[in-house]
Structure formats: C-alpha cells, structure tokens
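Shown next: input36.csv, given as CSV, C-alpha atoms and all ligand atoms.
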chain,number,residue,atom,x,y,z
A,201,MET,CA,29.3,-6.2,31.5
A,202,THR,CA,29.8,-3.0,29.6
A,203,GLY,CA,30.7,-2.1,26.0
A,204,SER,CA,34.2,-1.1,27.1
A,205,SER,CA,35.1,-4.7,27.9
A,206,TRP,CA,34.6,-5.7,24.2
A,207,PRO,CA,37.2,-5.3,21.5
A,208,GLU,CA,34.6,-4.1,19.1
A,209,GLY,CA,30.9,-2.9,19.3
A,210,ILE,CA,28.0,-5.4,19.3
A,211,GLU,CA,26.8,-4.2,16.0
A,212,ALA,CA,30.2,-4.9,14.4
A,213,GLN,CA,30.2,-8.4,16.0
A,214,ALA,CA,26.6,-9.1,14.7
A,215,HIS,CA,27.4,-7.8,11.3
A,216,LYS,CA,30.6,-9.8,11.0
A,217,ALA,CA,28.7,-13.0,12.1
A,218,ALA,CA,26.1,-12.3,9.5
A,219,ALA,CA,28.7,-11.8,6.8
A,220,SER,CA,31.0,-14.6,7.5
A,221,SER,CA,29.0,-17.7,8.4
A,222,GLY,CA,26.7,-20.1,6.7
A,223,PRO,CA,25.5,-20.5,3.1
A,224,GLY,CA,24.4,-17.6,0.9
A,225,THR,CA,26.6,-15.0,2.7
A,226,ARG,CA,27.7,-13.0,-0.3
A,227,TYR,CA,25.3,-10.2,-1.1
A,228,GLY,CA,25.1,-7.4,-3.6
A,229,ASP,CA,22.6,-5.6,-5.9
A,230,SER,CA,21.8,-8.7,-7.9
A,231,MET,CA,21.0,-11.0,-5.0
A,232,PRO,CA,17.3,-11.7,-4.3
A,233,GLN,CA,15.6,-9.9,-1.5
A,234,THR,CA,13.6,-11.9,1.0
A,235,ARG,CA,10.8,-11.0,3.3
A,236,LEU,CA,11.4,-10.7,7.0
A,237,THR,CA,9.4,-12.9,9.4
A,238,VAL,CA,8.7,-11.8,12.9
A,239,LEU,CA,7.7,-14.1,15.8
A,240,SER,CA,6.0,-12.6,18.8
A,241,GLY,CA,3.8,-13.7,21.6
A,242,PRO,CA,3.5,-13.4,25.4
A,243,SER,CA,6.4,-14.3,27.7
A,244,GLY,CA,6.3,-18.0,28.6
A,245,VAL,CA,4.4,-19.1,25.5
A,246,GLY,CA,7.4,-20.9,24.2
A,247,LYS,CA,9.1,-18.6,21.7
A,248,SER,CA,12.7,-19.4,22.7
A,249,THR,CA,11.9,-23.1,22.8
A,250,VAL,CA,10.5,-22.9,19.2
A,251,VAL,CA,13.4,-20.8,18.1
A,252,ALA,CA,15.9,-23.4,19.6
A,253,GLU,CA,14.1,-26.2,17.8
A,254,LEU,CA,14.1,-24.2,14.5
A,255,ARG,CA,17.9,-23.6,15.0
A,256,ARG,CA,18.4,-27.3,15.4
A,257,ALA,CA,16.1,-28.7,12.7
A,258,HIS,CA,16.4,-25.9,10.1
A,259,PRO,CA,19.8,-24.3,10.2
A,260,GLN,CA,19.2,-22.6,6.9
A,261,VAL,CA,17.0,-20.1,8.7
A,262,TRP,CA,18.9,-17.1,10.1
A,263,LEU,CA,17.8,-16.0,13.6
A,264,SER,CA,18.6,-12.5,14.5
A,265,VAL,CA,20.5,-12.2,17.8
A,266,SER,CA,19.1,-9.3,19.8
A,267,VAL,CA,20.9,-7.0,22.2
A,268,THR,CA,19.5,-6.8,25.7
A,269,THR,CA,20.3,-5.1,29.0
A,270,ARG,CA,18.8,-8.2,30.8
A,271,LYS,CA,21.3,-10.3,32.8
A,272,PRO,CA,22.0,-13.7,31.2
A,273,ARG,CA,20.0,-16.7,32.5
A,274,PRO,CA,21.9,-19.8,33.4
A,275,GLY,CA,23.0,-21.5,30.2
A,276,GLU,CA,22.7,-18.4,28.0
A,277,THR,CA,25.9,-17.4,26.1
A,278,HIS,CA,26.8,-13.9,24.9
A,279,GLY,CA,26.4,-13.8,21.1
A,280,VAL,CA,24.1,-16.9,21.0
A,281,GLU,CA,20.8,-16.2,22.6
A,282,TYR,CA,21.6,-12.5,23.1
A,283,PHE,CA,24.3,-9.9,23.0
A,284,PHE,CA,24.3,-8.8,26.7
A,285,ALA,CA,24.9,-5.1,27.0
A,286,GLY,CA,25.1,-2.4,29.7
A,287,ASP,CA,22.8,0.6,29.7
A,288,ALA,CA,25.5,2.9,28.3
A,289,GLU,CA,26.2,0.6,25.3
A,290,PHE,CA,22.4,0.2,24.6
A,291,ASP,CA,22.0,4.0,24.7
A,292,ARG,CA,24.9,4.4,22.3
A,293,MET,CA,23.3,1.9,19.9
A,294,ILE,CA,20.0,3.7,19.9
A,295,ALA,CA,21.7,7.1,19.4
A,296,SER,CA,23.7,5.9,16.5
A,297,GLY,CA,20.7,4.3,14.8
A,298,GLU,CA,22.2,0.8,14.9
A,299,LEU,CA,18.9,-0.8,16.0
A,300,LEU,CA,16.2,-1.7,13.6
A,301,GLU,CA,13.7,-1.6,16.5
A,302,TRP,CA,13.9,-1.7,20.3
A,303,ALA,CA,11.6,-1.8,23.3
A,304,GLU,CA,11.6,-1.9,27.0
A,305,PHE,CA,10.0,-5.1,28.3
A,306,ALA,CA,9.5,-6.0,32.0
A,307,GLY,CA,12.3,-3.7,33.2
A,308,ASN,CA,14.9,-4.5,30.6
A,309,ARG,CA,15.6,-3.2,27.1
A,310,TYR,CA,15.9,-5.3,24.0
A,311,GLY,CA,16.8,-4.4,20.4
A,312,THR,CA,17.5,-5.8,17.0
A,313,PRO,CA,20.9,-4.9,15.4
A,314,ARG,CA,19.9,-3.5,12.0
A,315,ASP,CA,22.8,-4.2,9.7
A,316,ALA,CA,23.0,-8.0,10.4
A,317,VAL,CA,19.3,-8.3,9.5
A,318,MET,CA,19.6,-6.2,6.3
A,319,ALA,CA,22.6,-8.2,5.2
A,320,ARG,CA,20.7,-11.5,5.5
A,321,ILE,CA,17.6,-10.1,3.7
A,322,ALA,CA,19.8,-8.9,0.9
A,323,THR,CA,21.2,-12.4,0.4
A,324,GLY,CA,17.7,-13.9,0.2
A,325,THR,CA,18.3,-15.9,3.5
A,326,PRO,CA,15.1,-16.8,5.4
A,327,THR,CA,15.3,-14.4,8.4
A,328,LEU,CA,13.5,-14.6,11.6
A,329,LEU,CA,13.2,-12.0,14.5
A,330,GLU,CA,11.8,-13.2,17.9
A,331,ILE,CA,10.7,-9.9,19.5
A,332,ASP,CA,7.9,-8.4,21.6
A,333,LEU,CA,4.7,-6.7,20.5
A,334,GLN,CA,6.2,-3.2,20.6
A,335,GLY,CA,9.1,-4.3,18.4
A,336,ALA,CA,6.7,-6.1,16.0
A,337,ARG,CA,4.7,-2.9,15.6
A,338,GLN,CA,7.9,-1.0,14.8
A,339,VAL,CA,8.8,-3.5,12.1
A,340,ARG,CA,5.3,-3.3,10.7
A,341,ALA,CA,5.7,0.4,10.4
A,342,SER,CA,9.2,0.4,8.9
A,343,MET,CA,8.9,-2.8,6.8
A,344,PRO,CA,5.2,-3.3,5.9
A,345,GLU,CA,6.1,-6.3,3.7
A,346,ALA,CA,7.3,-8.3,6.8
A,347,LEU,CA,5.3,-11.3,7.9
A,348,LEU,CA,4.1,-11.1,11.5
A,349,VAL,CA,3.5,-14.4,13.2
A,350,PHE,CA,1.8,-14.6,16.6
A,351,LEU,CA,2.6,-17.5,18.9
A,352,ALA,CA,-0.4,-18.1,21.2
A,353,PRO,CA,-0.8,-20.4,24.2
A,354,PRO,CA,-3.4,-23.2,24.3
A,355,SER,CA,-5.0,-21.4,27.2
A,356,TRP,CA,-4.2,-18.6,29.8
A,357,GLU,CA,-3.8,-21.2,32.5
A,358,GLU,CA,-1.2,-23.1,30.4
A,359,LEU,CA,0.7,-19.8,29.8
A,360,GLU,CA,0.8,-19.1,33.5
A,361,ARG,CA,1.9,-22.7,34.2
A,362,ARG,CA,4.8,-22.4,31.6
A,363,LEU,CA,6.0,-19.1,32.9
A,364,ARG,CA,6.0,-20.2,36.5
A,365,GLY,CA,7.3,-23.6,35.6
A,366,ARG,CA,10.3,-22.1,33.8
A,367,GLY,CA,11.5,-20.9,37.2
A,368,THR,CA,13.8,-18.2,35.8
A,369,GLU,CA,12.1,-15.1,37.3
A,370,PRO,CA,11.1,-14.0,40.8
A,371,ALA,CA,7.3,-13.6,41.5
A,372,ASP,CA,7.2,-9.9,40.9
A,373,VAL,CA,8.8,-10.2,37.5
A,374,ILE,CA,6.5,-13.1,36.6
A,375,ALA,CA,3.5,-10.8,37.6
A,376,CYS,CA,4.9,-8.1,35.3
A,377,ARG,CA,5.4,-10.5,32.4
A,378,LEU,CA,1.8,-11.9,32.9
A,379,GLU,CA,0.4,-8.3,32.8
A,380,ALA,CA,2.3,-7.7,29.6
A,381,GLY,CA,1.0,-11.0,28.3
A,382,LEU,CA,-2.6,-9.7,28.6
A,383,VAL,CA,-1.7,-6.8,26.4
A,384,GLU,CA,0.1,-9.0,23.9
A,385,LEU,CA,-2.8,-11.5,23.7
A,386,ALA,CA,-5.2,-8.6,23.0
A,387,ALA,CA,-3.1,-7.6,20.0
A,388,GLU,CA,-3.2,-11.0,18.2
A,389,LYS,CA,-5.4,-9.6,15.4
A,390,GLU,CA,-2.6,-7.2,14.4
A,391,PHE,CA,-0.6,-10.2,13.2
A,392,ASP,CA,-0.8,-11.9,9.8
A,393,VAL,CA,-0.9,-15.5,11.2
A,394,THR,CA,-1.5,-17.1,14.6
A,395,LEU,CA,0.2,-20.4,15.6
A,396,VAL,CA,-1.0,-22.1,18.8
A,397,ASN,CA,2.0,-23.6,20.7
A,398,THR,CA,0.5,-27.0,21.7
A,399,SER,CA,3.4,-28.9,20.1
A,400,VAL,CA,6.8,-27.4,19.5
A,401,GLN,CA,7.4,-29.6,16.5
A,402,ASP,CA,4.1,-28.7,14.9
A,403,VAL,CA,4.8,-25.0,15.4
A,404,CYS,CA,8.3,-25.4,13.9
A,405,GLU,CA,6.9,-27.1,10.8
A,406,ALA,CA,4.3,-24.4,10.3
A,407,LEU,CA,6.8,-21.7,10.8
A,408,ILE,CA,9.3,-23.2,8.4
A,409,ALA,CA,6.6,-23.4,5.8
A,410,LEU,CA,5.8,-19.7,6.3
A,411,LEU,CA,9.5,-18.8,6.2
A,412,VAL,CA,10.0,-20.7,2.9
A,413,GLU,CA,6.8,-19.2,1.5
A,414,ALA,CA,7.9,-15.8,2.6
A,415,ASP,CA,11.1,-16.4,0.8
A,416,ASN,CA,9.4,-17.1,-2.6
B,1,LIG,P1,9.2,-17.6,25.9
B,1,LIG,O1,10.5,-17.6,25.1
B,1,LIG,O2,8.0,-17.4,25.0
B,1,LIG,O3,9.2,-16.7,27.0
B,1,LIG,P2,10.0,-20.3,26.7
B,1,LIG,O4,10.5,-20.9,25.3
B,1,LIG,O5,11.1,-19.9,27.6
B,1,LIG,O6,9.0,-19.1,26.4
B,1,LIG,O7,9.1,-21.4,27.3
B,1,LIG,C1,8.5,-21.2,28.6
B,1,LIG,C2,8.4,-22.6,29.2
B,1,LIG,O8,7.4,-23.4,28.5
B,1,LIG,C3,9.6,-23.4,29.2
B,1,LIG,O9,9.8,-24.1,30.4
B,1,LIG,C4,9.4,-24.4,28.0
B,1,LIG,O10,10.1,-25.6,28.2
B,1,LIG,C5,7.9,-24.6,28.1
B,1,LIG,N1,7.3,-24.9,26.8
B,1,LIG,C6,7.5,-24.3,25.6
B,1,LIG,N2,6.8,-24.9,24.6
B,1,LIG,C7,6.0,-25.8,25.2
B,1,LIG,C8,5.0,-26.7,24.7
B,1,LIG,N3,4.6,-26.8,23.4
B,1,LIG,N4,4.4,-27.6,25.6
B,1,LIG,C9,4.8,-27.5,26.9
B,1,LIG,N5,5.7,-26.7,27.4
B,1,LIG,C10,6.3,-25.9,26.6
B,2,LIG,P1,13.3,-12.8,27.6
B,2,LIG,O1,13.8,-11.8,28.6
B,2,LIG,O2,12.2,-13.7,28.1
B,2,LIG,O3,14.4,-13.4,26.8
B,2,LIG,O4,12.5,-11.8,26.5
B,2,LIG,C1,11.5,-11.0,26.9
B,2,LIG,C2,10.7,-10.4,25.7
B,2,LIG,O5,11.6,-9.6,24.9
B,2,LIG,C3,10.2,-11.5,24.8
B,2,LIG,O6,8.9,-11.1,24.5
B,2,LIG,C4,11.1,-11.4,23.6
B,2,LIG,O7,10.4,-11.7,22.4
B,2,LIG,C5,11.4,-9.9,23.6
B,2,LIG,N1,12.6,-9.6,22.8
B,2,LIG,C6,13.7,-10.3,22.6
B,2,LIG,N2,14.5,-9.7,21.8
B,2,LIG,C7,13.9,-8.5,21.4
B,2,LIG,C8,14.3,-7.5,20.5
B,2,LIG,O8,15.3,-7.4,19.9
B,2,LIG,N3,13.4,-6.5,20.4
B,2,LIG,C9,12.2,-6.5,21.0
B,2,LIG,N4,11.3,-5.5,20.8
B,2,LIG,N5,11.8,-7.5,21.9
B,2,LIG,C10,12.7,-8.5,22.0
Let's see the structure in the file written out as structure tokens.
Amino acid sequence: MTGSSWPEGIEAQAHKAAASSGPGTRYGDSMPQTRLTVLSGPSGVGKSTVVAELRRAHPQVWLSVSVTTRKPRPGETHGVEYFFAGDAEFDRMIASGELLEWAEFAGNRYGTPRDAVMARIATGTPTLLEIDLQGARQVRASMPEALLVFLAPPSWEELERRLRGRGTEPADVIACRLEAGLVELAAEKEFDVTLVNTSVQDVCEALIALLVEADN
C-alpha cells in the first residue's frame, strides 16, 4: 500500500481522528495541558496486549496510532493498530516534520504522528504512546516532562516463550527481535517506572493509575 492510494495523508487522518472523536476534543489556550506517558519494552513482552486491554477497560485514555512500514499482521486494521505506509510515504512524513519521533526496528520503520498527540495533550486527555527504546529516548529529549514506563518480562525465558508463541514472525525476525530485546532490557534504568508483565490486568491497573496521576 502506498500514500497515493489514500484520499488524504496519514497525518491528516490521524489529526482528524484526534479532533473529532471522544470526550474532551475541543482544545485551545485555556485548556489544561497533560503529561505524555510512554510505554516501552522488548518485543513480545506484551505491550500490544496491555494496550488492547487498556483500550477496552479505559476508553478515556487516548492511544496514539503509529505509522509503520511493516506489513499488517492478520487481524490488524489500517488506522486501528497502525497506519500502514509505504517507504515513500514514510520518507515524506519524516521530511515534512510530521513525526514526533521515529525509529527503525527489526527491519521496519515506525513513527508517531505529531499533531494528533499534541492535540490530545492540549485538551488534557490522558495520552499514551507505545513505542520502542529509540523512540522513548527521542521523546525524553524533546519532552523531558513525559513519563517513561518500562514493561519488563517476568524472565528472559518467558519473553522468548511469548515471542515464539505469538507465531507472527519467522525465525530470523524473532532472532532479530530477541537481540533488540537484550538492548532494551539493558536500558530499563533510563525509565521512570518499571512494570513487570506477569498479569495483564495488574499492569493495566498500574498504568491507568500512572496515567491519571500524570494527568494531575
Ligand atoms: P509486544 O506488543 O510487546 O510485542 P504482545 O502483546 O504481542 O507483545 O504479546 C506477545 C505474546 O505474549 C502474545 O501471544 C500475548 O498473548 C502474550 N502475553 C502478553 N501478556 C501476557 C501475560 N501477562 N501472560 C502471558 N502471556 C502474555
Ligand atoms: P510490532 O512490529 O511488534 O508491532 O512493533 C515493533 C516495535 O516497534 C515495538 O517495540 C513497538 O513498541 C515499536 N513501535 C510501535 N510504534 C512505534 C512508533 O511510533 N515509534 C517507535 N519508535 N517505535 C514504535
């Protein structure tokens, strides 16, 4: 899929979605600002599972939808889990400064549309980014007030089991993601808070408490 097949750019779609849906969508100078929360952790730790549960149980939290050059997995929908883009469209978004941060991870590129996030922060909406370590570092540099949350596995063996058990990647991609996972685990101390993903429900409750706290 390429940008040319869409009636409007991804950034416009993301911005329109942010501005037109859900509570607290008007924003202006007098609206309260909120602190951005970032969730990171090694591939396979359970970030998407936690985010899906958060989306279900706490719809008041706004979850940024990233752009990626990765192909959709079965069940993934354009505009829900990701905006799926071609390389040319991703290049264009970088060049025009539309991404708050972006990174290459395991052979694909991922980025956060900037305007949609800024619009939500401006309305005081609890806002969460689920991004990799390189992206978390970029957010730390550009928005030092952001809260960085690290999602850790109960053990390395369990991380490997989850990544292989998901069954969505071939062996070489799993190896690449595990290698990246070692780097991500070594960076845990750069984060403000660590949550161990033993129970998805427990992590969700801890995360919502942090998001609400970050909002006050
Ligand atoms: P990530 O988004 O971090 O790459 P996923 O959310 O895709 O990870 O989770 C990887 C696999 O681990 C999935 O099969 C998911 O069902 C499973 N999983 C996630 N959280 C838990 C948990 N707390 N206990 C057991 N399995 C989990
Ligand atoms: P996946 O391909 O498993 O969906 O995601 C791979 C990695 O990319 C995960 O660590 C995920 O957090 C990260 N990721 C997803 N969206 C973004 C983004 O917008 N920016 C960055 N930097 N990483 C992202």
Return as a PyMOL selection string every polymer residue, whether protein, DNA or RNA, with at least one atom no more than 9 Å from an atom of ligand LIG 1 (chain B); count only C-alpha atoms and all ligand atoms. chain A and resi 240-252+330+351+353-354+358-359+361-368+396-403
Could the residues that lie within 6 Å of ligand LIG 2 (chain B), counting only C-alpha atoms and all ligand atoms, be listed as a PyMOL selection string? chain A and resi 240+242-243+266+302-303+305+310-312+330-332+334-335
Using all atoms listed in the file, pick whichever of A:Ile374, A:Met293, A:Leu300, A:Ala322 has the shortest atom-to-atom distance to Met343 in chain A.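 For Met343 in chain A, the nearest of the given residues is A:Leu300.
In this structure, CA of Ala336 in chain A sits 8.3 Å away from CA of Glu301 in chain A.
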Show me the residues around (0.3, -2.5, 18.2) - criterion: an atom at most 12 Å away, all atoms listed in the file counted - as a list in words.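 Those residues, ordered by chain and then number, are Ser240, Asp332, Leu333, Gln334, Gly335, Ala336, Arg337, Gln338, Val339, Arg340, Ala341, Leu348, Val383, Glu384, Leu385, Ala386, Ala387, Glu388, Lys389, Glu390 and Phe391 of chain A.
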Taking into account only C-alpha atoms, which residue in the set A:Thr269, A:Thr323, A:Thr277, A:Ser342 is nearest to Ala306 in chain A?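 Using only C-alpha atoms, the shortest distance to Ala306 in chain A belongs to A:Thr269.
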Option closest in space to Leu328 in chain A, from A:Ala257, A:Ala406, A:Leu347, A:Leu299 [counting all atoms listed in the file]: A:Leu347
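Closest approach to Arg273 in chain A from the set A:Glu357, A:Glu369, A:Glu379, A:Glu405 is made by A:Glu369, with distances taken over all atoms listed in the file.
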Kindly give the distance, in Å, that separates CA of Ser264 in chain A and CA of Glu304 in chain A, rounded to a single decimal.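 Separation between CA of Ser264 in chain A and CA of Glu304 in chain A: 17.8 Å.
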Record the distance separating CA of Ala319 in chain A and CA of Gly279 in chain A, expressed in Å with one decimal.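 Distance reported for this atom pair: 17.3 Å.
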For Thr268 in chain A, the nearest of the candidates A:Val238, A:Ser296, A:Gly307, A:Arg255, counting all atoms listed in the file: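 Closest residue, counting all atoms listed in the file: A:Gly307.
Nearest-residue note for Gly381 in chain A: choosing from A:Val317, A:Ala288, A:Leu395, A:Ala352, the minimum distance belongs to A:Ala352, counting all atoms listed in the file.
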